[in-house]
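Student: Below is the structure I would like to discuss, written out as structure tokens.
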Amino acid sequence: MKKIFFNLLGIAVIAIIAITSCQKPDEVINSNLKKMSFESFEKYGKMHNDFLSHFKNEFVINPDITKLSEGIDYITQFYINYAMELEIGTDEKNTLIKSLEDYKRFLYTPEFYNELFVSEDSSGLYFESIKQAHNLRIIDDFEFNRMNLIGQKAKDNHDGLISYEELKNIILQIKNEWIAQGYSIESDKGHALAITLAISLASIEWWEENPDAYDDNQKNTKALPAWAGADIVGAGYGAAVSAISSYTTTGEVNWEAVGIGAVSGAVSGSTGIIGKAGKWLSNLFK
């Protein structure tokens with residue numbers, strides 16, 4: 001009886017070993033992979049907020065400027081001077097400065113909204129860039145769907161169709177969905193959406209803490225505070241365009257550079273709605 005028992009036990013052990021050895025390698029590896037942490041992307045949100053705080057506290061209008069283009073260049077140089085003082089790597093700093101130049105046209109809010117959402121012969125550059133990033137497989141299906149949703153809801157907020165609180169709750173929900181995806185730290189997916197969300201949530205927090213920064217004319221609209229969606233779509237667009245540029249240039253994506261590009265897009269998009277900047281640039285346009 002004992003002999004039969006030990007024979008059966010031996011067969012069971014051999015079977016277990018055989019099953020384990022036949023298991024696909026990625027099944028074993030994936031169970032042990034570390035997951036991406038959302039907190040690791042929050043540095044981009046902090047950088048964005050530091051830019052806005054610096055502008056709000058330190059920017060002084062130049063009364064000698066009389067043209068819109070000159071005003072935009074003046075604000076851009078103000079930001080570049082600040083970027084030069086940041087304690088970041090040389091490559092990141094150069095990327096930041098270049099991105100601030102690339103997105104400076106978005107400092108004037110009407111131009112920003114029109115180009116991203118209602119440009120001629122397209123659904124807008126925001127959605128076009130997200131589509132291109134997806135076609136190049138830079139972002140996966142989940143990111144594609146959620147970044148499109150973010151853009152649509154930010155647009156709805158601008159148009160007064162949903163409230164600021166509704167927009168905020170949607171962003172928080174998408175953050176939780178991103179966490180539930182369980183992206184591994186080895187994955188090349190998940191980054192673009194996480195960067196967009198980190199900047200978006202930081203932006204929302206900044207506007208809540210700085211209600212005096214927005215234009216008095218917007219205090220009774222659904223788009224309070226000052227269409228925070230401008231930061232959100234600026235971040236998403238900046239992330240997508242930077243990722244596409246990196247991929248088409250080198251064949252891979254430098255996600256640190258993408259984070260910097262997203263910060264620049266968000267900063268440019270939101271600066272034009274800070275009261276003193278928006279009013280000044282609007283007056284120069286007349």
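In the structure tokens, each chain is lettered A, B, ... as it comes, each chain's residues begin at 1, and ligands are numbered from 1 in order of appearance.
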Give me the residues near range 65-78 of chain A as a ChimeraX atom specification, where near means some atom within 10 Å (using only C-alpha atoms) and where sequence neighbours in that chain fewer than 2 positions away do not count.
Tutor: /A:54-55,58-63,80-83,97,100-108,268,271-272,277,280-286
Student: May I have the residues from that selection written out with C-alpha atoms, as a PDB file, in the first residue's frame?
Tutor:
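Generated output (result-v8.pdb):
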```
ATOM      1  CA  HIS A  54       6.039  81.724 -11.267  1.00  0.00           C
ATOM      2  CA  PHE A  55       4.069  83.470 -13.999  1.00  0.00           C
ATOM      3  CA  GLU A  58       6.514  87.358 -11.185  1.00  0.00           C
ATOM      4  CA  PHE A  59       5.290  88.294 -14.655  1.00  0.00           C
ATOM      5  CA  VAL A  60       5.146  92.019 -15.411  1.00  0.00           C
ATOM      6  CA  ILE A  61       3.449  93.337 -18.551  1.00  0.00           C
ATOM      7  CA  ASN A  62       5.638  95.377 -20.890  1.00  0.00           C
ATOM      8  CA  PRO A  63       3.636  98.511 -21.822  1.00  0.00           C
ATOM      9  CA  ILE A  80      12.534  80.285 -21.157  1.00  0.00           C
ATOM     10  CA  ASN A  81      14.415  82.391 -18.618  1.00  0.00           C
ATOM     11  CA  TYR A  82      12.660  80.478 -15.857  1.00  0.00           C
ATOM     12  CA  ALA A  83      13.380  77.125 -17.537  1.00  0.00           C
ATOM     13  CA  ILE A  97      13.026  75.291 -24.151  1.00  0.00           C
ATOM     14  CA  LEU A 100       8.069  76.262 -25.186  1.00  0.00           C
ATOM     15  CA  GLU A 101       9.014  77.764 -28.542  1.00  0.00           C
ATOM     16  CA  ASP A 102       7.033  75.167 -30.479  1.00  0.00           C
ATOM     17  CA  TYR A 103       3.832  75.729 -28.497  1.00  0.00           C
ATOM     18  CA  LYS A 104       4.040  79.482 -27.996  1.00  0.00           C
ATOM     19  CA  ARG A 105       1.241  80.086 -30.510  1.00  0.00           C
ATOM     20  CA  PHE A 106      -1.118  78.467 -27.993  1.00  0.00           C
ATOM     21  CA  LEU A 107      -0.539  81.304 -25.528  1.00  0.00           C
ATOM     22  CA  TYR A 108      -3.370  83.140 -27.243  1.00  0.00           C
ATOM     23  CA  SER A 268       1.151  77.348 -23.059  1.00  0.00           C
ATOM     24  CA  THR A 271      -1.177  80.812 -19.566  1.00  0.00           C
ATOM     25  CA  GLY A 272      -3.532  82.563 -21.971  1.00  0.00           C
ATOM     26  CA  ALA A 277      -2.020  87.437 -19.668  1.00  0.00           C
ATOM     27  CA  TRP A 280      -3.153  91.743 -22.251  1.00  0.00           C
ATOM     28  CA  LEU A 281      -2.902  89.465 -25.293  1.00  0.00           C
ATOM     29  CA  SER A 282      -6.541  90.092 -26.207  1.00  0.00           C
ATOM     30  CA  ASN A 283      -5.943  93.839 -26.143  1.00  0.00           C
ATOM     31  CA  LEU A 284      -2.874  93.414 -28.349  1.00  0.00           C
ATOM     32  CA  PHE A 285      -4.970  91.468 -30.855  1.00  0.00           C
ATOM     33  CA  LYS A 286      -7.375  94.375 -31.342  1.00  0.00           C
TER      34      LYS A 286
END
```
Student: Excluding Gly251 in chain A and any residue of its chain fewer than 4 positions from it, enumerate the residues within 12 Å of it, using only C-alpha atoms, and give them as a PDB file with N, CA and C atoms, in the first residue's frame.
Tutor:
```
ATOM      1  N   LEU A 136       0.606  54.468 -34.891  1.00  0.00           N
ATOM      2  CA  LEU A 136       2.027  54.118 -34.801  1.00  0.00           C
ATOM      3  C   LEU A 136       2.305  53.149 -33.655  1.00  0.00           C
ATOM      4  N   ARG A 137       1.250  52.784 -32.925  1.00  0.00           N
ATOM      5  CA  ARG A 137       1.337  51.869 -31.781  1.00  0.00           C
ATOM      6  C   ARG A 137       2.185  52.429 -30.648  1.00  0.00           C
ATOM      7  N   ILE A 138       2.201  53.742 -30.551  1.00  0.00           N
ATOM      8  CA  ILE A 138       2.873  54.398 -29.432  1.00  0.00           C
ATOM      9  C   ILE A 138       1.995  54.312 -28.194  1.00  0.00           C
ATOM     10  N   ALA A 243       5.724  62.343 -28.349  1.00  0.00           N
ATOM     11  CA  ALA A 243       5.964  60.908 -28.523  1.00  0.00           C
ATOM     12  C   ALA A 243       6.117  60.559 -30.001  1.00  0.00           C
ATOM     13  N   ILE A 244       5.264  61.141 -30.837  1.00  0.00           N
ATOM     14  CA  ILE A 244       5.339  60.902 -32.282  1.00  0.00           C
ATOM     15  C   ILE A 244       6.671  61.391 -32.833  1.00  0.00           C
ATOM     16  N   SER A 245       7.078  62.588 -32.421  1.00  0.00           N
ATOM     17  CA  SER A 245       8.338  63.164 -32.885  1.00  0.00           C
ATOM     18  C   SER A 245       9.524  62.295 -32.480  1.00  0.00           C
ATOM     19  N   SER A 246       9.519  61.836 -31.238  1.00  0.00           N
ATOM     20  CA  SER A 246      10.603  60.989 -30.740  1.00  0.00           C
ATOM     21  C   SER A 246      10.666  59.672 -31.506  1.00  0.00           C
ATOM     22  N   TYR A 247       9.506  59.081 -31.730  1.00  0.00           N
ATOM     23  CA  TYR A 247       9.446  57.771 -32.400  1.00  0.00           C
ATOM     24  C   TYR A 247       9.865  57.863 -33.867  1.00  0.00           C
TER      25      TYR A 247
END
```
Student: Need the shell around Asn49 in chain A: protein/DNA/RNA residues with any atom at most 12 Å away, counting only C-alpha atoms. Skip same-chain ones fewer than 3 positions apart. Format as JSON, numbers by chain?
Tutor: {"A": [42, 43, 44, 45, 46, 52, 53, 54, 55, 56, 198, 199, 200, 201, 202, 203, 204, 205, 206, 207, 208, 209, 210, 231, 263, 264, 266, 267, 270, 271]}
Student: Just want the 8 Å neighbourhood of Trp178 in chain A, counted on only C-alpha atoms, with same-chain residues fewer than 2 positions away dropped. Output as an mmCIF file with C-alpha atoms, in the first residue's frame.
Tutor:
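Contents of the output file around_37.cif:
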```
data_model
loop_
_atom_site.group_PDB
_atom_site.id
_atom_site.type_symbol
_atom_site.label_atom_id
_atom_site.label_comp_id
_atom_site.auth_asym_id
_atom_site.auth_seq_id
_atom_site.Cartn_x
_atom_site.Cartn_y
_atom_site.Cartn_z
ATOM 1 C CA ILE A 174 -9.639 57.577 -15.661
ATOM 2 C CA LYS A 175 -6.716 57.710 -13.230
ATOM 3 C CA ASN A 176 -8.225 54.803 -11.280
ATOM 4 C CA ALA A 180 -6.237 49.053 -12.617
ATOM 5 C CA GLN A 181 -4.529 48.319 -15.963
ATOM 6 C CA GLY A 182 -1.421 47.333 -14.002
ATOM 7 C CA GLY A 190 0.723 53.578 -20.440
ATOM 8 C CA LEU A 193 -1.919 58.724 -20.573
ATOM 9 C CA ALA A 194 -0.252 58.768 -17.152
#
```
Student: Neighbours of Ala154 in chain A within 8 Å (only C-alpha atoms; same-chain residues fewer than 6 positions away dropped), as a list in words?
Tutor: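 That gives Leu167, Gly229, Ala230, Ile232 and Val233 of chain A.
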Student: Write the residues of the selection above to a file with C-alpha atoms, as a tab-separated table (two decimals), in the first residue's frame.
Tutor:
```tsv
chain	number	residue	atom	x	y	z
A	167	LEU	CA	-14.64	67.14	-15.70
A	229	GLY	CA	-9.42	71.92	-19.56
A	230	ALA	CA	-6.92	74.08	-21.45
A	232	ILE	CA	-5.59	69.13	-19.80
A	233	VAL	CA	-5.80	69.15	-23.59
```
Student: Between CA of Asp159 in chain A and CA of Met147 in chain A, what distance in Å does the model show, to one decimal?
Tutor: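 According to the coordinates, CA of Asp159 in chain A and CA of Met147 in chain A are separated by 18.4 Å.
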Student: Calculated over only C-alpha atoms, which of the candidates A:Glu166, A:Glu111, A:Glu128, A:Asp188 has the smallest distance to Asp140 in chain A?
Tutor: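 Selected residue with least distance to Asp140 in chain A: A:Asp188.
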